[in-house]
>>> print(open('query19.cif').read())   # mmCIF, C-alpha atoms (C1' of nucleotides)
data_target
loop_
_atom_site.group_PDB
_atom_site.id
_atom_site.type_symbol
_atom_site.label_atom_id
_atom_site.label_comp_id
_atom_site.auth_asym_id
_atom_site.auth_seq_id
_atom_site.Cartn_x
_atom_site.Cartn_y
_atom_site.Cartn_z
ATOM 1 C CA MET A 1 -42.195 39.914 47.947
ATOM 2 C CA ILE A 2 -41.620 38.116 51.159
ATOM 3 C CA PRO A 3 -38.752 39.083 53.445
ATOM 4 C CA SER A 4 -36.206 36.289 53.535
ATOM 5 C CA THR A 5 -36.105 36.774 57.278
ATOM 6 C CA VAL A 6 -39.411 34.948 57.376
ATOM 7 C CA SER A 7 -39.064 31.201 57.350
ATOM 8 C CA PHE A 8 -41.090 28.959 55.119
ATOM 9 C CA PHE A 9 -42.915 27.835 58.222
ATOM 10 C CA GLU A 10 -44.095 31.325 59.071
ATOM 11 C CA ARG A 11 -45.407 31.758 55.560
ATOM 12 C CA VAL A 12 -47.501 28.644 56.026
ATOM 13 C CA TYR A 13 -48.652 29.863 59.413
ATOM 14 C CA ASN A 14 -49.658 33.217 57.963
ATOM 15 C CA LEU A 15 -51.800 31.559 55.351
ATOM 16 C CA VAL A 16 -53.367 29.073 57.733
ATOM 17 C CA ARG A 17 -54.247 31.947 60.050
ATOM 18 C CA GLN A 18 -56.122 33.549 57.138
ATOM 19 C CA ILE A 19 -58.449 30.597 56.772
ATOM 20 C CA PRO A 20 -61.990 31.827 57.508
ATOM 21 C CA LEU A 21 -63.913 30.171 60.297
ATOM 22 C CA GLY A 22 -65.946 27.240 59.073
ATOM 23 C CA LYS A 23 -63.711 26.805 56.057
ATOM 24 C CA VAL A 24 -60.999 24.292 55.264
ATOM 25 C CA THR A 25 -58.174 23.976 52.776
ATOM 26 C CA THR A 26 -55.587 21.472 51.651
ATOM 27 C CA TYR A 27 -51.851 21.227 52.112
ATOM 28 C CA GLY A 28 -51.348 21.321 48.363
ATOM 29 C CA ALA A 29 -53.371 24.519 48.047
ATOM 30 C CA ILE A 30 -51.254 26.195 50.693
ATOM 31 C CA ALA A 31 -48.072 24.978 49.064
ATOM 32 C CA LYS A 32 -49.295 26.281 45.739
ATOM 33 C CA ALA A 33 -50.161 29.634 47.266
ATOM 34 C CA LEU A 34 -46.614 29.841 48.514
ATOM 35 C CA GLY A 35 -45.392 29.210 44.994
ATOM 36 C CA SER A 36 -44.373 25.587 45.382
ATOM 37 C CA GLY A 37 -47.267 23.327 44.564
ATOM 38 C CA ARG A 38 -45.005 20.337 44.903
ATOM 39 C CA SER A 39 -43.855 21.038 48.405
ATOM 40 C CA ALA A 40 -47.106 20.015 50.009
ATOM 41 C CA ARG A 41 -45.124 17.778 52.320
ATOM 42 C CA MET A 42 -43.307 20.824 53.604
ATOM 43 C CA VAL A 43 -46.648 22.317 54.580
ATOM 44 C CA GLY A 44 -47.433 19.248 56.608
ATOM 45 C CA TRP A 45 -43.992 19.394 58.101
ATOM 46 C CA ALA A 46 -44.584 23.008 59.013
ATOM 47 C CA MET A 47 -47.785 22.019 60.752
ATOM 48 C CA ASN A 48 -45.776 19.515 62.698
ATOM 49 C CA ALA A 49 -44.084 22.506 64.300
ATOM 50 C CA CYS A 50 -47.328 24.463 64.621
ATOM 51 C CA HIS A 51 -47.020 23.874 68.335
ATOM 52 C CA ASN A 52 -44.337 26.535 68.157
ATOM 53 C CA GLN A 53 -46.984 29.059 67.211
ATOM 54 C CA PRO A 54 -49.853 30.297 69.403
ATOM 55 C CA ASP A 55 -52.843 30.484 67.084
ATOM 56 C CA ILE A 56 -52.721 28.050 64.216
ATOM 57 C CA PRO A 57 -56.090 26.557 63.184
ATOM 58 C CA ALA A 58 -54.424 23.408 61.932
ATOM 59 C CA HIS A 59 -57.753 21.628 62.185
ATOM 60 C CA ARG A 60 -58.835 23.603 59.116
ATOM 61 C CA VAL A 61 -56.059 22.045 57.088
ATOM 62 C CA VAL A 62 -56.704 18.624 55.626
ATOM 63 C CA ASN A 63 -55.435 16.599 52.709
ATOM 64 C CA ARG A 64 -56.906 16.733 49.213
ATOM 65 C CA VAL A 65 -59.659 14.198 49.926
ATOM 66 C CA GLY A 66 -60.806 16.062 53.021
ATOM 67 C CA MET A 67 -59.502 13.459 55.395
ATOM 68 C CA LEU A 68 -58.276 14.475 58.851
ATOM 69 C CA THR A 69 -54.865 12.961 58.329
ATOM 70 C CA GLY A 70 -53.284 15.044 61.064
ATOM 71 C CA LYS A 71 -55.902 14.540 63.751
ATOM 72 C CA HIS A 72 -53.505 12.145 65.376
ATOM 73 C CA HIS A 73 -51.171 15.016 66.128
ATOM 74 C CA PHE A 74 -53.701 16.879 68.214
ATOM 75 C CA ASP A 75 -53.986 16.622 71.958
ATOM 76 C CA GLY A 76 -56.944 14.299 72.027
ATOM 77 C CA THR A 77 -57.905 11.660 69.510
ATOM 78 C CA ASN A 78 -61.021 13.426 68.245
ATOM 79 C CA LEU A 79 -60.126 17.022 69.084
ATOM 80 C CA MET A 80 -59.653 17.983 65.447
ATOM 81 C CA GLN A 81 -63.045 16.586 64.496
ATOM 82 C CA GLN A 82 -64.695 18.337 67.418
ATOM 83 C CA LEU A 83 -63.216 21.669 66.383
ATOM 84 C CA LEU A 84 -64.424 21.269 62.800
ATOM 85 C CA GLU A 85 -67.919 20.251 63.863
ATOM 86 C CA ASN A 86 -67.901 23.198 66.220
ATOM 87 C CA GLU A 87 -67.461 25.423 63.173
ATOM 88 C CA GLY A 88 -70.367 23.808 61.370
ATOM 89 C CA ILE A 89 -68.346 21.333 59.353
ATOM 90 C CA GLN A 90 -69.698 17.811 59.262
ATOM 91 C CA VAL A 91 -67.107 15.126 59.808
ATOM 92 C CA ASN A 92 -67.667 11.431 59.352
ATOM 93 C CA ASP A 93 -65.041 8.796 60.058
ATOM 94 C CA ASN A 94 -62.121 11.232 59.999
ATOM 95 C CA GLN A 95 -63.470 12.560 56.745
ATOM 96 C CA ILE A 96 -65.150 15.889 55.986
ATOM 97 C CA THR A 97 -68.633 15.619 54.497
ATOM 98 C CA ASN A 98 -69.175 17.850 51.469
ATOM 99 C CA PHE A 99 -65.528 18.733 51.624
ATOM 100 C CA LYS A 100 -65.639 20.790 48.437
ATOM 101 C CA ILE A 101 -68.388 22.932 49.906
ATOM 102 C CA HIS A 102 -66.256 23.958 52.866
ATOM 103 C CA TYR A 103 -63.142 24.182 50.739
ATOM 104 C CA TRP A 104 -61.454 27.560 50.800
ATOM 105 C CA GLU A 105 -58.778 28.602 48.341
ATOM 106 C CA PRO A 106 -55.893 30.535 49.932
ATOM 107 C CA PRO A 107 -54.869 33.894 48.383
ATOM 108 C CA MET A 108 -51.815 33.521 46.203
ATOM 109 C CA GLY A 109 -49.028 36.046 46.521
ATOM 110 C CA GLN A 110 -50.689 37.803 49.427
ATOM 111 C CA ASP A 111 -49.357 35.678 52.211
ATOM 112 C CA SER A 112 -46.920 38.312 53.473
ATOM 113 C CA GLN A 113 -49.700 40.405 54.939
ATOM 114 C "C1'" DA B 114 -21.941 19.006 55.253
ATOM 115 C "C1'" DA B 115 -24.792 14.955 54.272
ATOM 116 C "C1'" DG B 116 -28.588 12.162 55.107
ATOM 117 C "C1'" DG B 117 -33.073 11.236 56.883
ATOM 118 C "C1'" DT B 118 -37.723 12.731 57.673
ATOM 119 C "C1'" DG B 119 -42.654 13.789 56.755
ATOM 120 C "C1'" DA B 120 -50.018 16.132 59.191
ATOM 121 C "C1'" DC B 121 -48.727 15.245 50.802
ATOM 122 C "C1'" DC B 122 -49.949 15.036 45.739
ATOM 123 C "C1'" DG B 123 -50.816 13.105 41.345
ATOM 124 C "C1'" DG B 124 -51.193 9.312 38.167
ATOM 125 C "C1'" DC B 125 -52.672 4.563 37.354
ATOM 126 C "C1'" DC B 126 -55.755 0.409 38.112
ATOM 127 C "C1'" DT C 127 -62.401 6.578 47.444
ATOM 128 C "C1'" DG C 128 -58.839 3.315 47.823
ATOM 129 C "C1'" DG C 129 -54.022 1.019 47.298
ATOM 130 C "C1'" DC C 130 -49.289 1.573 45.310
ATOM 131 C "C1'" DC C 131 -45.255 4.278 43.746
ATOM 132 C "C1'" DG C 132 -42.217 8.014 42.731
ATOM 133 C "C1'" DG C 133 -41.195 12.859 43.277
ATOM 134 C "C1'" DC C 134 -40.714 16.913 46.064
ATOM 135 C "C1'" DC C 135 -38.366 20.296 49.351
ATOM 136 C "C1'" DA C 136 -37.259 22.773 53.724
ATOM 137 C "C1'" DC C 137 -36.055 21.491 58.449
ATOM 138 C "C1'" DC C 138 -33.472 18.665 61.952
ATOM 139 C "C1'" DT C 139 -29.513 15.808 63.879
#
>>> encode(input="query19.cif", output="structure tokens")
Amino acid sequence: MIPSTVSFFERVYNLVRQIPLGKVTTYGAIAKALGSGRSARMVGWAMNACHNQPDIPAHRVVNRVGMLTGKHHFDGTNLMQQLLENEGIQVNDNQITNFKIHYWEPPMGQDSQ
DNA sequence: AAGGTGACCGGCC
DNA sequence: TGGCCGGCCACCT
């Protein structure tokens, strides 16, 4: 169980922090791992406040088609793409190449760790 | 307390 | 993959 003292945001942050280097996942997958596969928007909203947290690899979180929808929210214009390529992920036109290959499924029910 | 918001998803063509 | 549309749900003002 997850302590109710932890906000939904922190749960998302915890999961995002568990994303292995060189791997990526989707908002829907994170939402599903939290138990609400339909609240994918909330995940994105949580990322909007990721600036509140110190170490959130938000660049490893993309939408279902592997597109860097949130790159616009980073400092630079191509910072997100640079970070992904730095981890060995090929990005082309704001879109991850071989997205499914780099896709990582978040652990369900183990986000409280 | 109520309404608006959003870094989305899934189905259909 | 792409465009359109409706649903979803916690956070903010």
>>> residues_near_point(input="query19.cif", point="(-39.8, 12.6, 43.4)", cutoff="12 Å", atoms="all atoms listed in the file", output="list of chain:residue names")
A:Arg38, A:Ser39, A:Arg41, B:DC121, B:DC122, B:DG123, C:DC131, C:DG132, C:DG133, C:DC134, C:DC135
>>> closest_atom_pairs(input="query19.cif", of="chain A", to="chain C", cutoff="9 Å", atoms="only C-alpha atoms (C1' of nucleotides)", output="JSON lines")
{"residue": "A:Phe8", "atom": "CA", "partner": "C:DA136", "partner_atom": "C1'", "distance": 7.4}
{"residue": "A:Phe9", "atom": "CA", "partner": "C:DA136", "partner_atom": "C1'", "distance": 8.8}
{"residue": "A:Ser36", "atom": "CA", "partner": "C:DC135", "partner_atom": "C1'", "distance": 8.9}
{"residue": "A:Arg38", "atom": "CA", "partner": "C:DC134", "partner_atom": "C1'", "distance": 5.6}
{"residue": "A:Ser39", "atom": "CA", "partner": "C:DC135", "partner_atom": "C1'", "distance": 5.6}
{"residue": "A:Ala40", "atom": "CA", "partner": "C:DC134", "partner_atom": "C1'", "distance": 8.1}
{"residue": "A:Arg41", "atom": "CA", "partner": "C:DC134", "partner_atom": "C1'", "distance": 7.7}
{"residue": "A:Met42", "atom": "CA", "partner": "C:DA136", "partner_atom": "C1'", "distance": 6.4}
{"residue": "A:Trp45", "atom": "CA", "partner": "C:DC137", "partner_atom": "C1'", "distance": 8.2}
{"residue": "A:Ala46", "atom": "CA", "partner": "C:DC137", "partner_atom": "C1'", "distance": 8.7}
{"residue": "A:Val65", "atom": "CA", "partner": "C:DT127", "partner_atom": "C1'", "distance": 8.5}
>>> interface_residues(input="query19.cif", of="chain A", to="chain B", cutoff="7 Å", atoms="all atoms listed in the file", output="ChimeraX atom specification")
/A:27-28,40-41,44-45,47-48,69-70
>>> write_last_selection(input="query19.cif", atoms="C-alpha atoms", output="PDB file, in the coordinates of the input")
ATOM      1  CA  TYR A  27     -51.851  21.227  52.112  1.00  0.00           C
ATOM      2  CA  GLY A  28     -51.348  21.321  48.363  1.00  0.00           C
ATOM      3  CA  ALA A  40     -47.106  20.015  50.009  1.00  0.00           C
ATOM      4  CA  ARG A  41     -45.124  17.778  52.320  1.00  0.00           C
ATOM      5  CA  GLY A  44     -47.433  19.248  56.608  1.00  0.00           C
ATOM      6  CA  TRP A  45     -43.992  19.394  58.101  1.00  0.00           C
ATOM      7  CA  MET A  47     -47.785  22.019  60.752  1.00  0.00           C
ATOM      8  CA  ASN A  48     -45.776  19.515  62.698  1.00  0.00           C
ATOM      9  CA  THR A  69     -54.865  12.961  58.329  1.00  0.00           C
ATOM     10  CA  GLY A  70     -53.284  15.044  61.064  1.00  0.00           C
TER      11      GLY A  70
END
>>> atom_distance(input="query19.cif", atom1="CA of Asn98 in chain A", atom2="CA of Thr77 in chain A")
22.2 Å
>>> atom_distance(input="query19.cif", atom1="CA of Asn92 in chain A", atom2="CA of Val12 in chain A")
26.7 Å
>>> atom_distance(input="query19.cif", atom1="CA of Gly109 in chain A", atom2="CA of Ile89 in chain A")
27.5 Å
>>> axis_aligned_box(input="query19.cif", around="chain C", padding_each_side="6 Å", output="lines of an AutoDock Vina configuration file")
center_x = -46.0
center_y = 11.9
center_z = 53.3
size_x = 44.9
size_y = 33.8
size_z = 33.1
>>> residues_around(input="query19.cif", residues="Ile101 in chain A", least_positions_apart="4", cutoff="10 Å", atoms="all atoms listed in the file", output="list in words")
Lys23, Val24, Ile89, Ile96 and Thr97 of chain A
>>> residues_around(input="query19.cif", residues="Asn86 in chain A", least_positions_apart="6", cutoff="12 Å", atoms="all atoms listed in the file", output="JSON, numbers by chain")
{"A": [21, 22, 23, 59, 60, 79, 80]}
>>> decode(input="query19.cif", residues="chain C", atoms="N, CA and C atoms (P, O5', C5', C4', C3', O3' and C1' of nucleotides)", output="mmCIF file, in the first residue's frame")
data_model
loop_
_atom_site.group_PDB
_atom_site.id
_atom_site.type_symbol
_atom_site.label_atom_id
_atom_site.label_comp_id
_atom_site.auth_asym_id
_atom_site.auth_seq_id
_atom_site.Cartn_x
_atom_site.Cartn_y
_atom_site.Cartn_z
ATOM 1 P P DT C 127 3.906 5.099 -34.550
ATOM 2 O "O5'" DT C 127 3.517 6.008 -35.791
ATOM 3 C "C5'" DT C 127 4.441 6.228 -36.870
ATOM 4 C "C4'" DT C 127 3.922 7.363 -37.724
ATOM 5 C "C3'" DT C 127 3.335 8.493 -36.888
ATOM 6 O "O3'" DT C 127 3.622 9.717 -37.535
ATOM 7 C "C1'" DT C 127 1.623 7.505 -38.221
ATOM 8 P P DG C 128 3.256 11.121 -36.904
ATOM 9 O "O5'" DG C 128 1.838 11.493 -37.565
ATOM 10 C "C5'" DG C 128 1.720 11.566 -38.987
ATOM 11 C "C4'" DG C 128 0.285 11.958 -39.328
ATOM 12 C "C3'" DG C 128 -0.326 12.863 -38.260
ATOM 13 O "O3'" DG C 128 -0.964 13.977 -38.872
ATOM 14 C "C1'" DG C 128 -1.721 10.987 -38.638
ATOM 15 P P DG C 129 -1.296 15.270 -37.921
ATOM 16 O "O5'" DG C 129 -2.892 15.354 -37.997
ATOM 17 C "C5'" DG C 129 -3.519 15.479 -39.279
ATOM 18 C "C4'" DG C 129 -5.032 15.386 -39.110
ATOM 19 C "C3'" DG C 129 -5.559 16.153 -37.891
ATOM 20 O "O3'" DG C 129 -6.751 16.841 -38.244
ATOM 21 C "C1'" DG C 129 -6.156 13.859 -37.725
ATOM 22 P P DC C 130 -7.449 17.811 -37.152
ATOM 23 O "O5'" DC C 130 -8.636 16.909 -36.581
ATOM 24 C "C5'" DC C 130 -9.556 16.302 -37.483
ATOM 25 C "C4'" DC C 130 -10.689 15.615 -36.713
ATOM 26 C "C3'" DC C 130 -11.120 16.356 -35.440
ATOM 27 O "O3'" DC C 130 -12.528 16.316 -35.325
ATOM 28 C "C1'" DC C 130 -10.457 14.172 -34.886
ATOM 29 P P DC C 131 -13.277 17.211 -34.236
ATOM 30 O "O5'" DC C 131 -13.701 16.115 -33.161
ATOM 31 C "C5'" DC C 131 -14.339 14.902 -33.595
ATOM 32 C "C4'" DC C 131 -14.721 14.049 -32.389
ATOM 33 C "C3'" DC C 131 -15.061 14.836 -31.127
ATOM 34 O "O3'" DC C 131 -16.122 14.198 -30.445
ATOM 35 C "C1'" DC C 131 -13.249 13.417 -30.682
ATOM 36 P P DG C 132 -17.002 15.068 -29.394
ATOM 37 O "O5'" DG C 132 -16.975 14.110 -28.127
ATOM 38 C "C5'" DG C 132 -17.354 12.733 -28.275
ATOM 39 C "C4'" DG C 132 -16.731 11.889 -27.178
ATOM 40 C "C3'" DG C 132 -16.946 12.433 -25.764
ATOM 41 O "O3'" DG C 132 -17.315 11.359 -24.907
ATOM 42 C "C1'" DG C 132 -14.643 12.116 -26.146
ATOM 43 P P DG C 133 -17.895 11.636 -23.474
ATOM 44 O "O5'" DG C 133 -16.826 10.909 -22.539
ATOM 45 C "C5'" DG C 133 -16.403 9.586 -22.862
ATOM 46 C "C4'" DG C 133 -15.145 9.231 -22.087
ATOM 47 C "C3'" DG C 133 -15.204 9.659 -20.605
ATOM 48 O "O3'" DG C 133 -14.738 8.597 -19.795
ATOM 49 C "C1'" DG C 133 -13.271 10.539 -21.625
ATOM 50 P P DC C 134 -15.167 8.597 -18.236
ATOM 51 O "O5'" DC C 134 -13.791 8.333 -17.469
ATOM 52 C "C5'" DC C 134 -12.642 8.098 -18.171
ATOM 53 C "C4'" DC C 134 -11.382 8.687 -17.542
ATOM 54 C "C3'" DC C 134 -11.544 9.285 -16.150
ATOM 55 O "O3'" DC C 134 -11.000 8.397 -15.182
ATOM 56 C "C1'" DC C 134 -10.378 10.792 -17.625
ATOM 57 P P DC C 135 -11.553 8.469 -13.665
ATOM 58 O "O5'" DC C 135 -10.305 8.989 -12.822
ATOM 59 C "C5'" DC C 135 -9.020 9.144 -13.405
ATOM 60 C "C4'" DC C 135 -8.264 10.278 -12.744
ATOM 61 C "C3'" DC C 135 -8.879 10.810 -11.450
ATOM 62 O "O3'" DC C 135 -7.848 11.136 -10.541
ATOM 63 C "C1'" DC C 135 -8.674 12.574 -12.967
ATOM 64 P P DA C 136 -8.141 11.091 -8.977
ATOM 65 O "O5'" DA C 136 -7.060 12.111 -8.395
ATOM 66 C "C5'" DA C 136 -5.684 11.798 -8.475
ATOM 67 C "C4'" DA C 136 -4.868 13.058 -8.758
ATOM 68 C "C3'" DA C 136 -4.870 14.065 -7.605
ATOM 69 O "O3'" DA C 136 -3.590 14.635 -7.470
ATOM 70 C "C1'" DA C 136 -5.752 15.076 -9.549
ATOM 71 P P DC C 137 -3.276 15.515 -6.206
ATOM 72 O "O5'" DC C 137 -3.046 16.940 -6.890
ATOM 73 C "C5'" DC C 137 -2.067 17.087 -7.902
ATOM 74 C "C4'" DC C 137 -2.122 18.478 -8.516
ATOM 75 C "C3'" DC C 137 -2.178 19.608 -7.495
ATOM 76 O "O3'" DC C 137 -1.294 20.638 -7.860
ATOM 77 C "C1'" DC C 137 -4.006 19.770 -8.972
ATOM 78 P P DC C 138 -1.053 21.845 -6.838
ATOM 79 O "O5'" DC C 138 -1.816 23.013 -7.625
ATOM 80 C "C5'" DC C 138 -1.502 23.247 -8.997
ATOM 81 C "C4'" DC C 138 -2.283 24.466 -9.505
ATOM 82 C "C3'" DC C 138 -2.322 25.638 -8.519
ATOM 83 O "O3'" DC C 138 -2.132 26.853 -9.199
ATOM 84 C "C1'" DC C 138 -4.529 24.933 -9.034
ATOM 85 P P DT C 139 -2.079 28.233 -8.339
ATOM 86 O "O5'" DT C 139 -3.493 28.903 -8.649
ATOM 87 C "C5'" DT C 139 -3.912 29.029 -10.006
ATOM 88 C "C4'" DT C 139 -5.187 29.843 -10.072
ATOM 89 C "C3'" DT C 139 -5.216 31.019 -9.092
ATOM 90 O "O3'" DT C 139 -5.836 32.155 -9.687
ATOM 91 C "C1'" DT C 139 -7.009 29.539 -8.609
#
